[in-house]
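> Got a structure here, written out as structure tokens. Questions coming.
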Amino acid sequence: MLDVEKIGDLVKIDVRERALRGEHPGHEVMEYIKQAPNNLTIEVHVPHEPTPLMMKLEMLGYEMSVNKISDEHFCLVVKK
């Protein structure tokens with residue numbers, strides 16, 4: 001289950017701990033984003049650059065950016 005926090009039109013999903021345990025929650029994140037209502041900003045916090053997830057989202061036409069917060073903390077920002 002995803003760790004999701006919703007504050008108005010902002011959704012924060014933090015999968016850093018799960019990814020560091022060797023889990024691969026990318027599919028869950030994709031499903032959440034696809035099913036989420038429009039007009040949201042979704043932040044996905046990960047421990048590494050989320051290249052595979054970004055490629056999938058780009059293929060679906062989502063607007064996004066990634067911010068490096070530290071060497072082990074990246075934030076993918078998706079506009080829906």
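By convention in this document, the chains of the structure tokens carry letters A, B, ... by their order, each chain's residues are numbered from 1, and ligands are numbered from 1 in the order they are shown.
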Give me the residues within 9 Å of Met54 in chain A as an NGL selection string, counting only C-alpha atoms and dropping any in the same chain fewer than 6 places off.

:A and (64-66 or 76)

> Which residues are near range 11-26 of chain A? Cut-off 7 Å, only C-alpha atoms, ignore same chain within fewer than 3 positions. Put them as a list in words.

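Neighbouring residues, sequence-local ones excluded: Leu2, Asp3, Val4, Glu5, Lys6, Ile7, Val29, Met30, Thr41, Ile42, Glu43, Val44, His45, Val46, Pro47 and Leu53 of chain A.
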
> Generate the output file for the selected residues, C-alpha atoms, as a compact mmCIF listing (two decimals), in the first residue's frame.


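Just written: selection-v4.txt:
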# COMPACT_ATOMS: atom_id res chain seq x y z
CA LEU A 2 1.26 3.46 -0.91
CA ASP A 3 2.03 6.09 1.72
CA VAL A 4 -0.18 8.92 0.37
CA GLU A 5 -0.77 12.34 1.91
CA LYS A 6 -3.30 14.70 0.29
CA ILE A 7 -3.27 18.43 1.06
CA VAL A 29 2.44 4.68 -8.32
CA MET A 30 1.46 4.52 -12.01
CA THR A 41 0.02 18.04 -8.44
CA ILE A 42 1.48 14.69 -7.41
CA GLU A 43 4.88 14.50 -5.73
CA VAL A 44 6.55 11.09 -5.74
CA HIS A 45 9.50 10.87 -3.33
CA VAL A 46 12.07 8.21 -4.29
CA PRO A 47 15.66 7.34 -3.25
CA LEU A 53 8.71 5.85 -14.10

> With only C-alpha atoms as the atoms that count, which of A:Ile33, A:His48, A:Gly8, A:Leu60 lies nearest to Val78 in chain A?

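Of A:Ile33, A:His48, A:Gly8, A:Leu60, the one nearest Val78 in chain A, counting only C-alpha atoms, is A:Ile33.
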
> From a DSSP pass on the backbone, collect the residues of range 11-71 of chain A flagged as strand (DSSP E or B) and hand them back as an MDAnalysis selection string.

chainID A and resid 11:14 41:46 63:70

> Can you work out the spacing between CA of Asn39 in chain A and CA of Lys68 in chain A in Å, to one decimal?

23.9 Å

> Contacts of Asn67 in chain A at 9 Å or less, counting only C-alpha atoms, minus same-chain residues fewer than 4 places along, as a PyMOL selection string?

chain A and resi 49+73-77

> With a distance cut-off of 6 Å and only C-alpha atoms, select the neighbouring residues of Leu40 in chain A, excluding the residue or stretch itself and same-chain residues fewer than 4 positions from it, and output the selection as an MDAnalysis selection string.

chainID A and resid 9:10 80

> For the selection just defined, write its residues with N, CA, C and O atoms to a file, as a PDB file, in the first residue's frame.


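Writing the result to part_2.pdb gives the following:
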ATOM      1  N   ASP A   9      -4.935  20.364  -3.400  1.00  0.00           N
ATOM      2  CA  ASP A   9      -4.660  19.853  -4.747  1.00  0.00           C
ATOM      3  C   ASP A   9      -3.272  19.233  -4.864  1.00  0.00           C
ATOM      4  O   ASP A   9      -2.803  18.970  -5.964  1.00  0.00           O
ATOM      5  N   LEU A  10      -2.603  19.009  -3.732  1.00  0.00           N
ATOM      6  CA  LEU A  10      -1.273  18.408  -3.713  1.00  0.00           C
ATOM      7  C   LEU A  10      -1.357  17.021  -3.091  1.00  0.00           C
ATOM      8  O   LEU A  10      -1.933  16.842  -2.020  1.00  0.00           O
ATOM      9  N   LYS A  80      -1.340  16.711 -13.177  1.00  0.00           N
ATOM     10  CA  LYS A  80      -2.424  15.933 -13.783  1.00  0.00           C
ATOM     11  C   LYS A  80      -3.622  16.822 -13.984  1.00  0.00           C
ATOM     12  O   LYS A  80      -3.931  17.662 -13.205  1.00  0.00           O
TER      13      LYS A  80
END

> Which distance in Å separates CA of Asn38 in chain A and CA of Pro50 in chain A, to one decimal?

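Calculated distance between CA of Asn38 in chain A and CA of Pro50 in chain A is 22.0 Å.
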
> Looking only at the backbone, which of the residues in chain A does DSSP tag as alpha helix (DSSP H), as a list in words?

Arg16, Glu17, Arg18, Ala19, Leu20, Gly26, His27, Glu28, Val29, Met30, Glu31, Tyr32, Ile33, Lys34, Gln35, Thr51, Pro52, Leu53, Met54, Met55, Lys56, Leu57, Glu58 and Met59 of chain A

> Could you save those same residues with C-alpha atoms as a PDB file, in the first residue's frame?


ATOM      1  CA  ARG A  16      11.720   5.788  -0.387  1.00  0.00           C
ATOM      2  CA  GLU A  17      11.638   3.225   2.415  1.00  0.00           C
ATOM      3  CA  ARG A  18       9.913   0.607   0.268  1.00  0.00           C
ATOM      4  CA  ALA A  19      12.400   1.073  -2.576  1.00  0.00           C
ATOM      5  CA  LEU A  20      15.342   0.828  -0.172  1.00  0.00           C
ATOM      6  CA  GLY A  26       6.403   1.835  -9.573  1.00  0.00           C
ATOM      7  CA  HIS A  27       3.328  -0.042 -10.816  1.00  0.00           C
ATOM      8  CA  GLU A  28       1.316   1.095  -7.782  1.00  0.00           C
ATOM      9  CA  VAL A  29       2.443   4.682  -8.322  1.00  0.00           C
ATOM     10  CA  MET A  30       1.460   4.524 -12.009  1.00  0.00           C
ATOM     11  CA  GLU A  31      -1.984   3.159 -11.158  1.00  0.00           C
ATOM     12  CA  TYR A  32      -2.519   5.841  -8.532  1.00  0.00           C
ATOM     13  CA  ILE A  33      -1.561   8.607 -10.970  1.00  0.00           C
ATOM     14  CA  LYS A  34      -3.731   7.213 -13.763  1.00  0.00           C
ATOM     15  CA  GLN A  35      -6.768   6.882 -11.476  1.00  0.00           C
ATOM     16  CA  THR A  51      13.980   7.256 -14.938  1.00  0.00           C
ATOM     17  CA  PRO A  52      11.748   4.219 -15.710  1.00  0.00           C
ATOM     18  CA  LEU A  53       8.710   5.853 -14.100  1.00  0.00           C
ATOM     19  CA  MET A  54       9.415   9.120 -15.918  1.00  0.00           C
ATOM     20  CA  MET A  55       9.620   7.304 -19.252  1.00  0.00           C
ATOM     21  CA  LYS A  56       6.249   5.607 -18.683  1.00  0.00           C
ATOM     22  CA  LEU A  57       4.599   8.858 -17.614  1.00  0.00           C
ATOM     23  CA  GLU A  58       6.085  10.682 -20.596  1.00  0.00           C
ATOM     24  CA  MET A  59       4.649   8.062 -22.957  1.00  0.00           C
TER      25      MET A  59
END
